[in-house]
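Student: File work-v5.csv follows (CSV, C-alpha atoms):
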```
chain,number,residue,atom,x,y,z
Q,1,MET,CA,-96.0,35.8,94.1
Q,2,GLY,CA,-98.7,35.9,96.7
Q,3,ASP,CA,-101.0,38.4,94.8
Q,4,ILE,CA,-101.8,36.0,92.0
Q,5,LYS,CA,-104.7,34.1,93.5
Q,6,ASP,CA,-105.8,32.3,90.3
Q,7,GLU,CA,-103.0,31.2,88.2
Q,8,ALA,CA,-105.2,30.0,85.3
Q,9,SER,CA,-107.0,33.3,85.0
Q,10,PHE,CA,-103.7,35.2,85.3
Q,11,TYR,CA,-102.5,33.5,82.1
Q,12,SER,CA,-105.9,33.3,80.2
Q,13,SER,CA,-106.6,37.0,80.9
Q,14,ALA,CA,-103.2,37.9,79.4
Q,15,GLU,CA,-103.9,35.7,76.3
Q,16,ASP,CA,-107.2,37.5,75.9
Q,17,TYR,CA,-105.5,40.9,76.2
Q,18,TRP,CA,-102.9,40.2,73.5
Q,19,ARG,CA,-105.5,38.6,71.2
Q,20,ASP,CA,-107.1,42.0,70.9
Q,21,VAL,CA,-103.8,43.9,70.3
Q,22,ALA,CA,-103.1,45.0,66.7
Q,23,PRO,CA,-100.2,43.1,65.1
Q,24,THR,CA,-98.1,46.2,64.6
Q,25,VAL,CA,-94.9,47.7,66.2
Q,26,ASP,CA,-97.1,50.2,68.0
Q,27,GLY,CA,-99.3,47.4,69.3
Q,28,MET,CA,-96.3,45.4,70.5
Q,29,LEU,CA,-95.1,48.5,72.4
Q,30,GLY,CA,-98.4,49.5,73.9
Q,31,GLY,CA,-98.7,52.7,71.9
Q,32,TYR,CA,-95.0,53.6,72.4
Q,33,GLY,CA,-93.9,52.6,68.9
Q,34,SER,CA,-91.8,55.8,68.7
Q,35,ILE,CA,-89.3,54.3,71.2
Q,36,SER,CA,-88.6,51.2,69.1
Q,37,SER,CA,-85.3,52.5,67.5
Q,38,ILE,CA,-84.0,53.8,70.9
Q,39,ASP,CA,-84.8,50.4,72.4
Q,40,LEU,CA,-83.1,48.4,69.6
Q,41,ASN,CA,-80.0,50.6,69.5
Q,42,GLY,CA,-79.6,50.2,73.3
Q,43,SER,CA,-80.0,46.4,73.0
Q,44,LYS,CA,-77.5,46.1,70.1
Q,45,ALA,CA,-74.9,48.1,72.0
Q,46,PHE,CA,-75.4,45.8,75.0
Q,47,LEU,CA,-75.3,42.6,73.1
Q,48,GLN,CA,-72.3,43.4,71.0
Q,49,LYS,CA,-70.2,43.5,74.2
Q,50,PHE,CA,-70.4,39.7,74.3
Q,51,LEU,CA,-70.5,38.6,70.7
Q,52,GLY,CA,-67.5,37.6,68.6
Q,53,GLU,CA,-64.6,35.2,68.2
Q,54,GLY,CA,-62.2,34.1,70.9
Q,55,GLU,CA,-62.2,32.8,74.4
Q,56,GLY,CA,-65.3,33.5,76.4
Q,57,LYS,CA,-67.1,35.2,73.5
Q,58,THR,CA,-70.7,34.3,72.7
Q,59,GLY,CA,-71.3,32.8,69.3
Q,60,LYS,CA,-73.6,34.1,66.5
Q,61,GLY,CA,-75.2,30.8,65.4
Q,62,CYS,CA,-78.7,30.8,66.9
Q,63,ALA,CA,-80.9,33.1,69.0
Q,64,LEU,CA,-84.3,32.7,70.6
Q,65,ASP,CA,-86.7,35.6,70.8
Q,66,CYS,CA,-89.1,35.1,73.7
Q,67,GLY,CA,-92.5,36.8,73.6
Q,68,ALA,CA,-91.5,37.7,70.1
Q,69,GLY,CA,-94.8,39.2,68.9
Q,70,ILE,CA,-94.6,40.1,65.2
Q,71,GLY,CA,-90.8,39.9,65.3
Q,72,ARG,CA,-89.8,43.5,66.0
Q,73,ILE,CA,-86.7,42.4,67.9
Q,74,THR,CA,-86.0,39.5,65.6
Q,75,LYS,CA,-86.0,41.7,62.5
Q,76,ARG,CA,-83.8,44.6,63.7
Q,77,LEU,CA,-81.7,43.1,66.4
Q,78,LEU,CA,-81.4,39.3,66.2
Q,79,LEU,CA,-81.5,38.4,62.5
Q,80,PRO,CA,-78.7,41.0,61.7
Q,81,LEU,CA,-76.5,39.4,64.3
Q,82,PHE,CA,-77.3,35.7,64.2
Q,83,HIS,CA,-77.4,33.1,61.5
Q,84,THR,CA,-80.7,31.6,62.7
Q,85,VAL,CA,-83.5,32.9,65.0
Q,86,ASP,CA,-86.4,31.1,66.6
Q,87,LEU,CA,-89.5,32.9,67.8
Q,88,VAL,CA,-91.9,32.0,70.6
Q,89,ASP,CA,-95.1,33.8,71.4
Q,90,VAL,CA,-98.5,32.9,72.9
Q,91,THR,CA,-100.4,34.7,70.1
Q,92,GLN,CA,-100.7,32.8,66.8
Q,93,GLU,CA,-101.8,36.0,64.9
Q,94,PHE,CA,-98.6,37.7,65.8
Q,95,LEU,CA,-96.4,34.8,64.6
Q,96,ASP,CA,-98.5,34.7,61.3
Q,97,LYS,CA,-97.8,38.4,60.9
Q,98,ALA,CA,-94.1,37.9,61.6
Q,99,LYS,CA,-93.8,35.7,58.5
Q,100,THR,CA,-94.6,38.7,56.3
Q,101,TYR,CA,-93.1,41.4,58.6
Q,102,LEU,CA,-89.7,39.8,58.6
Q,103,GLY,CA,-89.5,39.9,54.8
Q,104,GLU,CA,-86.8,38.1,52.9
Q,105,GLU,CA,-84.6,37.7,56.0
Q,106,GLY,CA,-87.4,35.6,57.5
Q,107,LYS,CA,-86.0,32.6,55.6
Q,108,ARG,CA,-83.4,32.4,58.4
Q,109,VAL,CA,-86.1,31.8,61.0
Q,110,GLY,CA,-85.7,28.2,62.3
Q,111,HIS,CA,-89.0,27.7,64.2
Q,112,TYR,CA,-92.1,29.6,65.1
Q,113,PHE,CA,-93.4,28.3,68.4
Q,114,CYS,CA,-96.9,29.3,69.6
Q,115,THR,CA,-97.0,28.7,73.3
Q,116,GLY,CA,-96.8,30.5,76.6
Q,117,LEU,CA,-93.3,30.6,78.2
Q,118,GLN,CA,-94.6,28.8,81.2
Q,119,ASP,CA,-95.0,25.7,78.9
Q,120,PHE,CA,-92.1,26.3,76.5
Q,121,VAL,CA,-89.0,24.0,76.7
Q,122,PRO,CA,-86.0,25.3,74.6
Q,123,GLU,CA,-84.1,22.6,72.9
Q,124,ASP,CA,-81.0,21.6,74.9
Q,125,GLY,CA,-77.8,23.3,73.7
Q,126,ARG,CA,-79.4,25.1,70.7
Q,127,TYR,CA,-79.0,28.8,71.5
Q,128,ASP,CA,-76.1,31.2,71.8
Q,129,VAL,CA,-78.5,33.9,73.1
Q,130,ILE,CA,-82.0,33.7,74.5
Q,131,TRP,CA,-83.5,37.2,74.5
Q,132,ILE,CA,-86.4,37.7,76.9
Q,133,GLN,CA,-87.9,41.2,76.6
Q,134,TRP,CA,-91.0,42.7,78.1
Q,135,VAL,CA,-92.5,39.3,78.9
Q,136,ILE,CA,-91.3,38.1,82.3
Q,137,GLY,CA,-94.2,40.0,84.0
Q,138,HIS,CA,-96.5,37.4,82.4
Q,139,LEU,CA,-95.0,34.6,84.4
Q,140,THR,CA,-95.5,33.7,88.1
Q,141,ASP,CA,-92.4,33.7,90.2
Q,142,ASP,CA,-92.2,29.9,90.2
Q,143,HIS,CA,-92.8,29.6,86.4
Q,144,LEU,CA,-90.2,32.3,85.8
Q,145,VAL,CA,-87.6,30.4,87.8
Q,146,GLU,CA,-88.4,27.2,86.1
Q,147,PHE,CA,-88.3,28.8,82.6
Q,148,LEU,CA,-84.9,30.3,83.3
Q,149,ARG,CA,-83.6,26.9,84.4
Q,150,ARG,CA,-84.8,25.5,81.1
Q,151,CYS,CA,-83.2,28.3,79.2
Q,152,GLN,CA,-79.9,27.6,80.9
Q,153,ARG,CA,-80.1,24.1,79.5
Q,154,GLY,CA,-80.9,25.5,76.1
Q,155,LEU,CA,-77.6,27.5,75.9
Q,156,ARG,CA,-74.5,26.6,73.9
Q,157,PRO,CA,-71.1,27.1,75.5
Q,158,ASN,CA,-70.6,30.7,76.4
Q,159,GLY,CA,-74.3,31.3,75.7
Q,160,LEU,CA,-76.2,34.1,77.3
Q,161,ILE,CA,-79.7,34.7,78.6
Q,162,VAL,CA,-80.7,38.4,78.3
Q,163,ILE,CA,-83.7,39.8,80.2
Q,164,LYS,CA,-84.8,43.3,79.2
Q,165,ASP,CA,-87.8,44.6,81.1
Q,166,ASN,CA,-89.5,47.1,83.2
Q,167,VAL,CA,-88.3,47.3,86.8
Q,168,ALA,CA,-90.5,48.6,89.6
Q,169,TYR,CA,-89.2,51.0,92.3
Q,170,GLU,CA,-90.4,48.8,95.1
Q,171,GLY,CA,-92.1,45.5,95.5
Q,172,VAL,CA,-94.4,43.9,92.9
Q,173,VAL,CA,-96.8,46.2,90.9
Q,174,PRO,CA,-99.7,44.4,89.3
Q,175,ASP,CA,-101.2,45.5,85.9
Q,176,GLU,CA,-104.8,44.5,85.7
Q,177,VAL,CA,-105.1,45.7,82.1
Q,178,ASP,CA,-102.7,43.1,80.5
Q,179,SER,CA,-102.6,40.7,83.5
Q,180,SER,CA,-99.0,41.1,84.3
Q,181,VAL,CA,-96.7,42.2,87.1
Q,182,CYS,CA,-93.7,44.5,87.4
Q,183,ARG,CA,-91.1,43.4,90.0
Q,184,ASP,CA,-88.4,45.5,91.6
Q,185,MET,CA,-84.7,44.7,91.0
Q,186,GLU,CA,-84.2,42.9,94.4
Q,187,ILE,CA,-87.0,40.5,93.7
Q,188,LEU,CA,-85.9,40.0,90.1
Q,189,ARG,CA,-82.3,39.2,91.2
Q,190,SER,CA,-83.6,36.8,93.8
Q,191,LEU,CA,-85.5,34.9,91.2
Q,192,VAL,CA,-82.5,34.8,88.9
Q,193,GLY,CA,-80.5,33.4,91.8
Q,194,ARG,CA,-83.1,30.7,92.5
Q,195,ALA,CA,-82.8,29.6,88.9
Q,196,GLY,CA,-79.0,29.1,89.5
Q,197,LEU,CA,-78.0,32.0,87.2
Q,198,CYS,CA,-75.5,34.8,87.8
Q,199,THR,CA,-75.8,38.4,86.4
Q,200,VAL,CA,-72.6,39.0,84.4
Q,201,HIS,CA,-73.6,42.5,83.3
Q,202,GLN,CA,-76.4,44.9,83.9
Q,203,GLU,CA,-77.4,48.3,82.4
Q,204,GLN,CA,-80.3,50.7,82.4
Q,205,GLN,CA,-81.8,51.6,79.1
Q,206,MET,CA,-81.5,55.4,78.7
Q,207,ASN,CA,-83.5,58.0,76.8
Q,208,PHE,CA,-87.0,56.4,77.3
Q,209,PRO,CA,-90.0,58.6,78.2
Q,210,LYS,CA,-90.0,59.7,81.8
Q,211,GLU,CA,-93.5,58.4,82.4
Q,212,ILE,CA,-92.8,54.7,81.8
Q,213,TYR,CA,-91.0,52.4,84.2
Q,214,GLN,CA,-87.2,52.3,84.3
Q,215,VAL,CA,-86.0,49.5,82.0
Q,216,HIS,CA,-83.0,47.4,82.7
Q,217,ILE,CA,-81.0,44.8,80.7
Q,218,LEU,CA,-79.4,41.9,82.5
Q,219,ALA,CA,-77.0,39.3,80.9
Q,220,LEU,CA,-77.2,36.0,82.7
Q,221,ARG,CA,-75.3,32.8,82.7
```
Can I see the file as structure tokens?
Tutor:
Amino acid sequence: MGDIKDEASFYSSAEDYWRDVAPTVDGMLGGYGSISSIDLNGSKAFLQKFLGEGEGKTGKGCALDCGAGIGRITKRLLLPLFHTVDLVDVTQEFLDKAKTYLGEEGKRVGHYFCTGLQDFVPEDGRYDVIWIQWVIGHLTDDHLVEFLRRCQRGLRPNGLIVIKDNVAYEGVVPDEVDSSVCRDMEILRSLVGRAGLCTVHQEQQMNFPKEIYQVHILALR
């Protein structure tokens, strides 16, 4: 990604941005807290296509929530579907908030990891699903490819990596405010391919506000 001249400041500026964000659902969604239920319902319908018993089905043992924030997705998507969920986020305040936000069901959280995804190494063979939502724009191309390779090693048999994120119409669009980028689908697919993964299913999230980027969900193996 040639437009990131200074990798260190790309990451540190993002950390600074999130450190100033309120640990709330509205904060996690950049002021669009009202779309949370639409988002989660779309994610649940997508994920349930793969879960269950029988040949080729993805298990419900353990999931990883990447860029988890306060646990919005863990609480309403992953904990209802999986026995154990791990959270990883770069902002300690968000993970601290998650411990109360998740309530009683938070007892089924396995680990809270405070680190950037560029440095995070999932435990080999631990996860049935690795859910990566609205966070890949905070990784450089090379770091995203390397992270996806590590995620692949972190999967159980028939496990899935799911990316849900904004997709640009063309090229790479930088966001100076939160120090991230938005990639078009061709670029995203090429990075997935470089990581040695295949897209087994893809959908566009519907019923989001017209003024935000289109959002796509990709299931990868």
Student: Considering only C-alpha atoms, state which residue in the set Q:Trp134, Q:Phe94, Q:Phe50, Q:Phe82 is at the smallest distance from Ser180 (chain Q).
Tutor: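 So, comparing all the options, the nearest one is Q:Trp134.
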Student: Considering only C-alpha atoms, can you say which of Q:Asp165, Q:Glu15, Q:Glu55, Q:Glu146 comes closest to Leu191 (chain Q)?
Tutor: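 Smallest separation from Leu191 (chain Q) among the options: Q:Glu146.
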Student: Name the closest residue to Lys57 (chain Q) among the candidates Q:Val173, Q:Leu160, Q:Val192, Q:Ala219; distances are taken between atoms, counting only C-alpha atoms.
Tutor: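 So, comparing all the options, the nearest one is Q:Leu160.
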Student: Go ahead and find all residues with at least one atom no further than 12 Å from (-76.6, 35.2, 72.4) in the file's coordinates, using all atoms listed in the file; report them as an MDAnalysis selection string.
Tutor: chainID Q and resid 43:44 46:52 57:65 77:79 81:85 126:132 151:152 154:163 219:221
Student: Could you write out the selected residues, including C-alpha atoms, as a compact mmCIF listing (two decimals), in the coordinates of the input?
Tutor:
```
# COMPACT_ATOMS: atom_id res chain seq x y z
CA SER Q 43 -80.00 46.40 73.00
CA LYS Q 44 -77.50 46.10 70.10
CA PHE Q 46 -75.40 45.80 75.00
CA LEU Q 47 -75.30 42.60 73.10
CA GLN Q 48 -72.30 43.40 71.00
CA LYS Q 49 -70.20 43.50 74.20
CA PHE Q 50 -70.40 39.70 74.30
CA LEU Q 51 -70.50 38.60 70.70
CA GLY Q 52 -67.50 37.60 68.60
CA LYS Q 57 -67.10 35.20 73.50
CA THR Q 58 -70.70 34.30 72.70
CA GLY Q 59 -71.30 32.80 69.30
CA LYS Q 60 -73.60 34.10 66.50
CA GLY Q 61 -75.20 30.80 65.40
CA CYS Q 62 -78.70 30.80 66.90
CA ALA Q 63 -80.90 33.10 69.00
CA LEU Q 64 -84.30 32.70 70.60
CA ASP Q 65 -86.70 35.60 70.80
CA LEU Q 77 -81.70 43.10 66.40
CA LEU Q 78 -81.40 39.30 66.20
CA LEU Q 79 -81.50 38.40 62.50
CA LEU Q 81 -76.50 39.40 64.30
CA PHE Q 82 -77.30 35.70 64.20
CA HIS Q 83 -77.40 33.10 61.50
CA THR Q 84 -80.70 31.60 62.70
CA VAL Q 85 -83.50 32.90 65.00
CA ARG Q 126 -79.40 25.10 70.70
CA TYR Q 127 -79.00 28.80 71.50
CA ASP Q 128 -76.10 31.20 71.80
CA VAL Q 129 -78.50 33.90 73.10
CA ILE Q 130 -82.00 33.70 74.50
CA TRP Q 131 -83.50 37.20 74.50
CA ILE Q 132 -86.40 37.70 76.90
CA CYS Q 151 -83.20 28.30 79.20
CA GLN Q 152 -79.90 27.60 80.90
CA GLY Q 154 -80.90 25.50 76.10
CA LEU Q 155 -77.60 27.50 75.90
CA ARG Q 156 -74.50 26.60 73.90
CA PRO Q 157 -71.10 27.10 75.50
CA ASN Q 158 -70.60 30.70 76.40
CA GLY Q 159 -74.30 31.30 75.70
CA LEU Q 160 -76.20 34.10 77.30
CA ILE Q 161 -79.70 34.70 78.60
CA VAL Q 162 -80.70 38.40 78.30
CA ILE Q 163 -83.70 39.80 80.20
CA ALA Q 219 -77.00 39.30 80.90
CA LEU Q 220 -77.20 36.00 82.70
CA ARG Q 221 -75.30 32.80 82.70
```
Student: Just how far from CA of Gly33 (chain Q) is CA of Glu104 (chain Q), in Å to one decimal?
Tutor: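 For CA of Glu104 (chain Q) relative to CA of Gly33 (chain Q), the distance reads 22.7 Å.
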Student: Could you list, as a JSON list (two decimals) with C-alpha atoms, in the coordinates of the input, every residue within 9 Å of Leu87 (chain Q), counting only C-alpha atoms and ignoring same-chain residues fewer than 6 positions away?
Tutor:
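This is the output file selection.json:
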```json
[["chain", "number", "residue", "atom", "x", "y", "z"],
["Q", 63, "ALA", "CA", -80.90, 33.10, 69.00],
["Q", 64, "LEU", "CA", -84.30, 32.70, 70.60],
["Q", 65, "ASP", "CA", -86.70, 35.60, 70.80],
["Q", 66, "CYS", "CA", -89.10, 35.10, 73.70],
["Q", 67, "GLY", "CA", -92.50, 36.80, 73.60],
["Q", 68, "ALA", "CA", -91.50, 37.70, 70.10],
["Q", 69, "GLY", "CA", -94.80, 39.20, 68.90],
["Q", 71, "GLY", "CA", -90.80, 39.90, 65.30],
["Q", 74, "THR", "CA", -86.00, 39.50, 65.60],
["Q", 95, "LEU", "CA", -96.40, 34.80, 64.60],
["Q", 109, "VAL", "CA", -86.10, 31.80, 61.00],
["Q", 110, "GLY", "CA", -85.70, 28.20, 62.30],
["Q", 111, "HIS", "CA", -89.00, 27.70, 64.20],
["Q", 112, "TYR", "CA", -92.10, 29.60, 65.10],
["Q", 113, "PHE", "CA", -93.40, 28.30, 68.40],
["Q", 114, "CYS", "CA", -96.90, 29.30, 69.60]]
```
